[in-house]
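Here's input34.txt, which has compact mmCIF, N, CA and C atoms:
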# COMPACT_ATOMS: atom_id res chain seq x y z
N MET A 346 -17.08 -0.29 -9.06
CA MET A 346 -16.45 -1.55 -8.70
C MET A 346 -15.40 -1.97 -9.74
N LYS A 347 -15.71 -1.72 -11.02
CA LYS A 347 -14.75 -2.04 -12.08
C LYS A 347 -13.42 -1.33 -11.86
N ASP A 348 -13.52 -0.05 -11.49
CA ASP A 348 -12.31 0.73 -11.24
C ASP A 348 -11.49 0.11 -10.11
N HIS A 349 -12.18 -0.29 -9.04
CA HIS A 349 -11.47 -0.90 -7.92
C HIS A 349 -10.68 -2.12 -8.37
N VAL A 350 -11.30 -2.96 -9.16
CA VAL A 350 -10.63 -4.18 -9.63
C VAL A 350 -9.42 -3.82 -10.48
N PHE A 351 -9.56 -2.85 -11.36
CA PHE A 351 -8.45 -2.41 -12.21
C PHE A 351 -7.26 -1.97 -11.37
N TYR A 352 -7.50 -1.11 -10.39
CA TYR A 352 -6.41 -0.59 -9.57
C TYR A 352 -5.83 -1.67 -8.65
N LEU A 353 -6.67 -2.53 -8.12
CA LEU A 353 -6.16 -3.62 -7.27
C LEU A 353 -5.29 -4.59 -8.07
N LYS A 354 -5.67 -4.84 -9.32
CA LYS A 354 -4.82 -5.69 -10.17
C LYS A 354 -3.45 -5.04 -10.36
N ARG A 355 -3.43 -3.74 -10.49
CA ARG A 355 -2.14 -3.05 -10.64
C ARG A 355 -1.32 -3.17 -9.35
N THR A 356 -1.95 -3.12 -8.18
CA THR A 356 -1.18 -3.29 -6.94
C THR A 356 -0.58 -4.68 -6.87
N ILE A 357 -1.26 -5.66 -7.42
CA ILE A 357 -0.71 -7.03 -7.45
C ILE A 357 0.49 -7.09 -8.39
N GLU A 358 0.41 -6.38 -9.52
CA GLU A 358 1.57 -6.31 -10.42
C GLU A 358 2.76 -5.66 -9.70
N LEU A 359 2.50 -4.62 -8.94
CA LEU A 359 3.56 -3.97 -8.17
C LEU A 359 4.13 -4.92 -7.12
N ALA A 360 3.28 -5.71 -6.50
CA ALA A 360 3.73 -6.70 -5.52
C ALA A 360 4.62 -7.74 -6.19
N GLU A 361 4.26 -8.16 -7.39
CA GLU A 361 5.09 -9.11 -8.14
C GLU A 361 6.44 -8.50 -8.47
N GLN A 362 6.46 -7.23 -8.83
CA GLN A 362 7.73 -6.54 -9.09
C GLN A 362 8.59 -6.49 -7.83
N ALA A 363 7.95 -6.28 -6.69
CA ALA A 363 8.69 -6.24 -5.42
C ALA A 363 9.43 -7.55 -5.20
N VAL A 364 8.77 -8.66 -5.47
CA VAL A 364 9.40 -9.98 -5.31
C VAL A 364 10.57 -10.12 -6.27
N ILE A 365 10.39 -9.73 -7.51
CA ILE A 365 11.47 -9.79 -8.51
C ILE A 365 12.67 -8.98 -8.03
N HIS A 366 12.41 -7.87 -7.36
CA HIS A 366 13.49 -7.00 -6.86
C HIS A 366 14.04 -7.43 -5.50
N GLY A 367 13.54 -8.55 -4.96
CA GLY A 367 14.07 -9.09 -3.72
C GLY A 367 13.34 -8.69 -2.45
N ASN A 368 12.13 -8.18 -2.60
CA ASN A 368 11.35 -7.73 -1.45
C ASN A 368 10.11 -8.61 -1.25
N THR A 369 9.37 -8.33 -0.21
CA THR A 369 8.14 -9.06 0.04
C THR A 369 7.02 -8.51 -0.85
N PRO A 370 6.01 -9.33 -1.15
CA PRO A 370 5.03 -9.00 -2.19
C PRO A 370 3.90 -8.06 -1.76
N PHE A 371 4.21 -6.78 -1.76
CA PHE A 371 3.19 -5.79 -1.45
C PHE A 371 3.35 -4.61 -2.40
N GLY A 372 2.21 -4.04 -2.82
CA GLY A 372 2.23 -2.89 -3.71
C GLY A 372 1.10 -1.94 -3.37
N ALA A 373 1.32 -0.66 -3.67
CA ALA A 373 0.30 0.36 -3.39
C ALA A 373 0.36 1.43 -4.47
N LEU A 374 -0.76 2.10 -4.66
CA LEU A 374 -0.80 3.22 -5.60
C LEU A 374 -1.81 4.25 -5.12
N LEU A 375 -1.66 5.45 -5.64
CA LEU A 375 -2.52 6.57 -5.27
C LEU A 375 -3.22 7.07 -6.52
N VAL A 376 -4.54 7.25 -6.40
CA VAL A 376 -5.37 7.68 -7.53
C VAL A 376 -6.02 9.01 -7.16
N ASP A 377 -5.98 9.96 -8.09
CA ASP A 377 -6.60 11.26 -7.80
C ASP A 377 -8.10 11.21 -8.09
N LYS A 378 -8.78 12.33 -7.86
CA LYS A 378 -10.24 12.36 -8.02
C LYS A 378 -10.68 12.15 -9.46
N ASP A 379 -9.78 12.35 -10.41
CA ASP A 379 -10.08 12.12 -11.83
C ASP A 379 -9.76 10.69 -12.26
N ARG A 380 -9.45 9.84 -11.29
CA ARG A 380 -9.15 8.41 -11.48
C ARG A 380 -7.82 8.16 -12.20
N LYS A 381 -6.91 9.10 -12.08
CA LYS A 381 -5.58 8.96 -12.67
C LYS A 381 -4.61 8.47 -11.60
N ILE A 382 -3.79 7.47 -11.96
CA ILE A 382 -2.76 7.01 -11.04
C ILE A 382 -1.68 8.07 -10.97
N ILE A 383 -1.42 8.59 -9.77
CA ILE A 383 -0.43 9.66 -9.63
C ILE A 383 0.84 9.20 -8.93
N LEU A 384 0.79 8.08 -8.22
CA LEU A 384 1.99 7.49 -7.60
C LEU A 384 1.81 5.99 -7.49
N GLU A 385 2.91 5.27 -7.66
CA GLU A 385 2.93 3.82 -7.46
C GLU A 385 4.14 3.48 -6.60
N GLN A 386 4.00 2.41 -5.81
CA GLN A 386 5.11 2.03 -4.95
C GLN A 386 5.05 0.54 -4.63
N GLU A 387 6.18 -0.12 -4.76
CA GLU A 387 6.30 -1.50 -4.30
C GLU A 387 7.02 -1.51 -2.97
N ASN A 388 6.94 -2.60 -2.26
CA ASN A 388 7.64 -2.77 -0.99
C ASN A 388 9.14 -2.72 -1.24
N VAL A 389 9.89 -2.00 -0.39
CA VAL A 389 11.35 -1.90 -0.52
C VAL A 389 12.06 -2.20 0.80
N GLU A 390 11.36 -2.81 1.71
CA GLU A 390 11.87 -3.05 3.07
C GLU A 390 13.19 -3.81 3.09
N ILE A 391 13.32 -4.85 2.29
CA ILE A 391 14.53 -5.68 2.31
C ILE A 391 15.67 -5.02 1.56
N THR A 392 15.43 -4.59 0.33
CA THR A 392 16.52 -4.03 -0.48
C THR A 392 17.02 -2.69 0.05
N GLU A 393 16.15 -1.92 0.66
CA GLU A 393 16.56 -0.62 1.22
C GLU A 393 17.03 -0.76 2.67
N LYS A 394 16.91 -1.98 3.22
CA LYS A 394 17.27 -2.21 4.63
C LYS A 394 16.58 -1.17 5.53
N ASP A 395 15.26 -1.06 5.33
CA ASP A 395 14.46 -0.05 6.02
C ASP A 395 13.18 -0.70 6.53
N CYS A 396 13.08 -0.85 7.83
CA CYS A 396 11.90 -1.51 8.41
C CYS A 396 10.61 -0.75 8.14
N THR A 397 10.71 0.50 7.71
CA THR A 397 9.51 1.26 7.35
C THR A 397 9.29 1.28 5.84
N GLY A 398 9.97 0.43 5.11
CA GLY A 398 9.90 0.43 3.66
C GLY A 398 8.71 -0.30 3.07
N HIS A 399 7.62 -0.34 3.81
CA HIS A 399 6.40 -0.94 3.26
C HIS A 399 5.89 -0.07 2.12
N ALA A 400 5.17 -0.67 1.19
CA ALA A 400 4.70 0.06 0.01
C ALA A 400 3.88 1.29 0.39
N GLU A 401 2.95 1.13 1.33
CA GLU A 401 2.06 2.24 1.69
C GLU A 401 2.81 3.37 2.39
N THR A 402 3.68 3.03 3.32
CA THR A 402 4.42 4.07 4.05
C THR A 402 5.37 4.82 3.12
N THR A 403 6.05 4.09 2.25
CA THR A 403 6.96 4.73 1.30
C THR A 403 6.18 5.62 0.34
N LEU A 404 5.03 5.13 -0.12
CA LEU A 404 4.19 5.93 -1.01
C LEU A 404 3.72 7.20 -0.30
N MET A 405 3.31 7.09 0.95
CA MET A 405 2.84 8.26 1.69
C MET A 405 3.95 9.26 1.97
N ARG A 406 5.15 8.76 2.18
CA ARG A 406 6.29 9.66 2.37
C ARG A 406 6.47 10.52 1.11
N LYS A 407 6.39 9.88 -0.05
CA LYS A 407 6.52 10.61 -1.32
C LYS A 407 5.33 11.55 -1.54
N ALA A 408 4.12 11.04 -1.31
CA ALA A 408 2.91 11.83 -1.54
C ALA A 408 2.89 13.09 -0.68
N SER A 409 3.33 12.97 0.56
CA SER A 409 3.33 14.11 1.48
C SER A 409 4.27 15.22 1.02
N LYS A 410 5.31 14.84 0.31
CA LYS A 410 6.26 15.83 -0.20
C LYS A 410 5.74 16.50 -1.47
N LEU A 411 4.91 15.78 -2.22
CA LEU A 411 4.45 16.27 -3.52
C LEU A 411 3.11 17.00 -3.49
N PHE A 412 2.24 16.62 -2.55
CA PHE A 412 0.86 17.10 -2.59
C PHE A 412 0.42 17.65 -1.24
N SER A 413 -0.53 18.57 -1.28
CA SER A 413 -1.09 19.14 -0.04
C SER A 413 -2.04 18.14 0.61
N LYS A 414 -2.28 18.33 1.90
CA LYS A 414 -3.23 17.47 2.61
C LYS A 414 -4.64 17.62 2.04
N ASP A 415 -4.99 18.82 1.61
CA ASP A 415 -6.31 19.02 0.99
C ASP A 415 -6.44 18.19 -0.28
N PHE A 416 -5.40 18.19 -1.09
CA PHE A 416 -5.42 17.40 -2.31
C PHE A 416 -5.51 15.91 -1.98
N LEU A 417 -4.70 15.45 -1.03
CA LEU A 417 -4.69 14.03 -0.68
C LEU A 417 -6.03 13.56 -0.14
N TRP A 418 -6.79 14.45 0.47
CA TRP A 418 -8.11 14.08 0.97
C TRP A 418 -9.03 13.63 -0.17
N SER A 419 -8.79 14.14 -1.37
CA SER A 419 -9.63 13.78 -2.53
C SER A 419 -9.12 12.53 -3.25
N CYS A 420 -8.06 11.93 -2.73
CA CYS A 420 -7.44 10.77 -3.38
C CYS A 420 -7.85 9.45 -2.72
N THR A 421 -7.60 8.37 -3.46
CA THR A 421 -7.82 7.02 -2.96
C THR A 421 -6.51 6.26 -3.03
N LEU A 422 -6.16 5.60 -1.94
CA LEU A 422 -4.98 4.74 -1.90
C LEU A 422 -5.45 3.29 -2.08
N TYR A 423 -4.89 2.62 -3.05
CA TYR A 423 -5.16 1.20 -3.29
C TYR A 423 -3.94 0.40 -2.86
N THR A 424 -4.17 -0.71 -2.19
CA THR A 424 -3.07 -1.55 -1.74
C THR A 424 -3.46 -3.02 -1.83
N SER A 425 -2.47 -3.84 -2.05
CA SER A 425 -2.73 -5.26 -2.26
C SER A 425 -3.28 -5.95 -1.02
N VAL A 426 -2.86 -5.52 0.16
CA VAL A 426 -3.26 -6.13 1.43
C VAL A 426 -3.62 -5.03 2.42
N GLU A 427 -4.53 -5.31 3.32
CA GLU A 427 -4.91 -4.36 4.37
C GLU A 427 -3.67 -3.78 5.03
N PRO A 428 -3.57 -2.46 5.13
CA PRO A 428 -2.39 -1.84 5.72
C PRO A 428 -2.16 -2.25 7.17
N CYS A 429 -0.89 -2.41 7.53
CA CYS A 429 -0.51 -2.71 8.91
C CYS A 429 -0.69 -1.44 9.75
N ALA A 430 -0.42 -1.54 11.04
CA ALA A 430 -0.58 -0.40 11.95
C ALA A 430 0.28 0.79 11.51
N MET A 431 1.53 0.53 11.15
CA MET A 431 2.43 1.61 10.75
C MET A 431 1.90 2.30 9.49
N CYS A 432 1.53 1.50 8.49
CA CYS A 432 1.05 2.07 7.23
C CYS A 432 -0.27 2.80 7.42
N SER A 433 -1.14 2.25 8.26
CA SER A 433 -2.41 2.93 8.55
C SER A 433 -2.16 4.31 9.15
N GLY A 434 -1.17 4.40 10.02
CA GLY A 434 -0.82 5.69 10.61
C GLY A 434 -0.33 6.68 9.56
N ALA A 435 0.52 6.21 8.66
CA ALA A 435 1.03 7.10 7.60
C ALA A 435 -0.10 7.58 6.70
N ILE A 436 -1.02 6.68 6.38
CA ILE A 436 -2.17 7.06 5.54
C ILE A 436 -3.05 8.06 6.27
N TYR A 437 -3.31 7.80 7.54
CA TYR A 437 -4.14 8.70 8.35
C TYR A 437 -3.50 10.09 8.45
N TRP A 438 -2.24 10.14 8.86
CA TRP A 438 -1.58 11.43 9.04
C TRP A 438 -1.32 12.14 7.71
N GLY A 439 -1.25 11.38 6.62
CA GLY A 439 -1.11 11.98 5.30
C GLY A 439 -2.41 12.53 4.76
N ASN A 440 -3.53 12.15 5.39
CA ASN A 440 -4.85 12.70 5.07
C ASN A 440 -5.46 12.16 3.78
N VAL A 441 -5.14 10.92 3.43
CA VAL A 441 -5.78 10.31 2.25
C VAL A 441 -7.24 10.03 2.59
N GLY A 442 -8.12 10.38 1.66
CA GLY A 442 -9.55 10.30 1.92
C GLY A 442 -10.16 8.91 1.91
N LYS A 443 -9.56 7.99 1.14
CA LYS A 443 -10.17 6.66 1.01
C LYS A 443 -9.08 5.62 0.80
N VAL A 444 -9.30 4.42 1.36
CA VAL A 444 -8.37 3.30 1.20
C VAL A 444 -9.16 2.09 0.72
N VAL A 445 -8.61 1.41 -0.29
CA VAL A 445 -9.20 0.17 -0.80
C VAL A 445 -8.09 -0.87 -0.81
N TYR A 446 -8.35 -2.04 -0.20
CA TYR A 446 -7.33 -3.09 -0.18
C TYR A 446 -7.88 -4.39 -0.73
N GLY A 447 -6.96 -5.22 -1.24
CA GLY A 447 -7.34 -6.46 -1.89
C GLY A 447 -7.78 -7.54 -0.93
N ILE A 448 -6.98 -7.81 0.09
CA ILE A 448 -7.33 -8.82 1.09
C ILE A 448 -7.02 -8.30 2.48
N SER A 449 -7.71 -8.84 3.46
CA SER A 449 -7.49 -8.43 4.85
C SER A 449 -6.22 -9.08 5.39
N GLU A 450 -5.73 -8.52 6.49
CA GLU A 450 -4.57 -9.13 7.16
C GLU A 450 -4.90 -10.54 7.64
N LYS A 451 -6.14 -10.76 8.08
CA LYS A 451 -6.53 -12.11 8.52
C LYS A 451 -6.46 -13.10 7.36
N GLU A 452 -6.90 -12.68 6.19
CA GLU A 452 -6.82 -13.56 5.02
C GLU A 452 -5.36 -13.80 4.64
N LEU A 453 -4.52 -12.77 4.77
CA LEU A 453 -3.09 -12.95 4.51
C LEU A 453 -2.51 -13.99 5.46
N LEU A 454 -2.90 -13.92 6.72
CA LEU A 454 -2.45 -14.90 7.70
C LEU A 454 -2.91 -16.31 7.31
N ASN A 455 -4.16 -16.43 6.86
CA ASN A 455 -4.67 -17.73 6.41
C ASN A 455 -3.87 -18.26 5.22
N LEU A 456 -3.47 -17.37 4.32
CA LEU A 456 -2.72 -17.78 3.13
C LEU A 456 -1.27 -18.13 3.43
N THR A 457 -0.65 -17.40 4.34
CA THR A 457 0.79 -17.58 4.59
C THR A 457 1.09 -18.45 5.79
N GLY A 458 0.10 -18.70 6.62
CA GLY A 458 0.36 -19.47 7.83
C GLY A 458 1.15 -18.64 8.82
N ASN A 459 1.80 -19.29 9.72
CA ASN A 459 2.53 -18.61 10.78
C ASN A 459 3.94 -18.23 10.31
N ASN A 460 4.01 -17.41 9.27
CA ASN A 460 5.26 -16.98 8.67
C ASN A 460 5.84 -15.83 9.49
N LYS A 461 7.12 -15.93 9.86
CA LYS A 461 7.73 -14.88 10.69
C LYS A 461 7.80 -13.53 9.98
N GLN A 462 7.71 -13.52 8.64
CA GLN A 462 7.71 -12.25 7.91
C GLN A 462 6.32 -11.62 7.87
N ASN A 463 5.34 -12.28 8.46
CA ASN A 463 3.98 -11.78 8.44
C ASN A 463 3.41 -11.69 9.85
N PRO A 464 3.87 -10.72 10.63
CA PRO A 464 3.36 -10.59 12.00
C PRO A 464 1.99 -9.91 12.01
N THR A 465 0.99 -10.59 11.47
CA THR A 465 -0.35 -10.05 11.33
C THR A 465 -1.00 -9.85 12.69
N LEU A 466 -1.66 -8.71 12.86
CA LEU A 466 -2.39 -8.46 14.09
C LEU A 466 -3.59 -7.58 13.82
N ASP A 467 -4.57 -7.69 14.68
CA ASP A 467 -5.76 -6.85 14.55
C ASP A 467 -5.48 -5.47 15.13
N LEU A 468 -6.04 -4.45 14.49
CA LEU A 468 -5.91 -3.09 15.00
C LEU A 468 -7.09 -2.77 15.90

When written as structure tokens, how does the structure in this file appear?
Amino acid sequence: MKDHVFYLKRTIELAEQAVIHGNTPFGALLVDKDRKIILEQENVEITEKDCTGHAETTLMRKASKLFSKDFLWSCTLYTSVEPCAMCSGAIYWGNVGKVVYGISEKELLNLTGNNKQNPTLDL
């Protein structure tokens, strides 16, 4: 549990960096079986003008180029908020073995209200 908190705090730091860089506050990272952070990614949707520029999808795009599916199966993806449908698909097809998120999409909706930048939905 301690490890989860450590990595989730880092995803929040990445989310804060995303805001500083002009993006929405989301961050993700990938940890290998030895508990080493091997990739980090903040949201780049606004600055890259890319609707798929969510932290998790961008991270998975990079991870898929760098690592085999067998290797990714032994990894854990940490993210600040429960992945959306698109990001969940990227994580699934990338073959990451485990996902840990800080808050659910429902909790995000409770925190942000009916914000047009947060089209939260149940999967």

Note to self: Neighbouring residues of Asn368 in chain A were defined as those with any atom within 6.5 Å, considering all atoms listed in the file; residues of the same chain fewer than 6 positions away were excluded. Please report them as a ChimeraX atom specification.
What the structure shows: /A:388-392

Could the residues in this selection be saved with N, CA and C atoms as a tab-separated table (two decimals), in the coordinates of the input?
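What landed in part_10.tsv:
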chain	number	residue	atom	x	y	z
A	388	ASN	N	6.94	-2.60	-2.26
A	388	ASN	CA	7.64	-2.77	-0.99
A	388	ASN	C	9.14	-2.72	-1.24
A	389	VAL	N	9.89	-2.00	-0.39
A	389	VAL	CA	11.35	-1.90	-0.52
A	389	VAL	C	12.06	-2.20	0.80
A	390	GLU	N	11.36	-2.81	1.71
A	390	GLU	CA	11.87	-3.05	3.07
A	390	GLU	C	13.19	-3.81	3.09
A	391	ILE	N	13.32	-4.85	2.29
A	391	ILE	CA	14.53	-5.68	2.31
A	391	ILE	C	15.67	-5.02	1.56
A	392	THR	N	15.43	-4.59	0.33
A	392	THR	CA	16.52	-4.03	-0.48
A	392	THR	C	17.02	-2.69	0.05

Checklist line | Selected residue, from A:Ala373, A:Leu411, A:Ala430, A:Leu417, that lies nearest to Gly442 in chain A when counting only C-alpha atoms | finding: A:Leu417

Notebook entry, point to check: Residues of range 391-442 of chain A in strand (DSSP E) according to DSSP, as an MDAnalysis selection string?
Noted result: chainID A and resid 421:426

Applying 6 Å and all atoms listed in the file, which residues near range 432-439 of chain A remain after dropping the ones on its own chain fewer than 5 positions away? List them as a short mmCIF file (atom, residue, chain, number, x, y, z; two decimals) with N, CA and C atoms, in the frame of the given file.
data_model
loop_
_atom_site.label_atom_id
_atom_site.label_comp_id
_atom_site.auth_asym_id
_atom_site.auth_seq_id
_atom_site.Cartn_x
_atom_site.Cartn_y
_atom_site.Cartn_z
N GLU A 401 2.95 1.13 1.33
CA GLU A 401 2.06 2.24 1.69
C GLU A 401 2.81 3.37 2.39
N THR A 402 3.68 3.03 3.32
CA THR A 402 4.42 4.07 4.05
C THR A 402 5.37 4.82 3.12
N MET A 405 3.31 7.09 0.95
CA MET A 405 2.84 8.26 1.69
C MET A 405 3.95 9.26 1.97
N LYS A 414 -2.28 18.33 1.90
CA LYS A 414 -3.23 17.47 2.61
C LYS A 414 -4.64 17.62 2.04
#

Notebook entry, point to check: What is the distance between CA of Glu393 in chain A and CA of Asp377 in chain A, in Å to one decimal?
Noted result: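 Distance reported for this atom pair: 27.5 Å.
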
Next item on the list: Identify the residues around (-9.1, 5.5, -9.6) within a radius of 7 Å, measuring from only N, CA and C atoms in the coordinates stated by the file, and give them as an MDAnalysis selection string.
Entry: chainID A and resid 348:349 352 375:382 421

Margin query: I need the alpha helix (DSSP H) residues of chain A per DSSP on the backbone, written as number ranges by chain.
Written below: A: 347-365, 400-411, 414-418, 430-439, 450-457

Item checked: Å distance separating atom C of Glu358 in chain A from CA of Phe416 in chain A, one decimal place -> 25.6 Å

Notebook entry, point to check: Hey, can you check how far atom C of Ser409 in chain A sits from atom N of Leu374 in chain A?
Noted result: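 Going from atom C of Ser409 in chain A over to atom N of Leu374 in chain A covers 15.2 Å.
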
Margin query: For a quick check of understanding, using all atoms listed in the file, which of A:Asn440, A:Glu387, A:Lys451, A:Asp395 has the smallest distance to Gln362 in chain A?
Written below: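 Among the listed residues, the smallest separation from Gln362 in chain A belongs to A:Glu387.
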
Next item on the list: Could you tell me which of A:Cys396, A:Ala363, A:Leu456, A:Leu353 comes closest to Ser425 in chain A if we count only N, CA and C atoms?
Entry: A:Leu353

Item checked: Closest of A:Phe412, A:Val441, A:Val426, A:Met431 to Gly398 in chain A - atom-to-atom distances counting only C-alpha atoms -> A:Met431
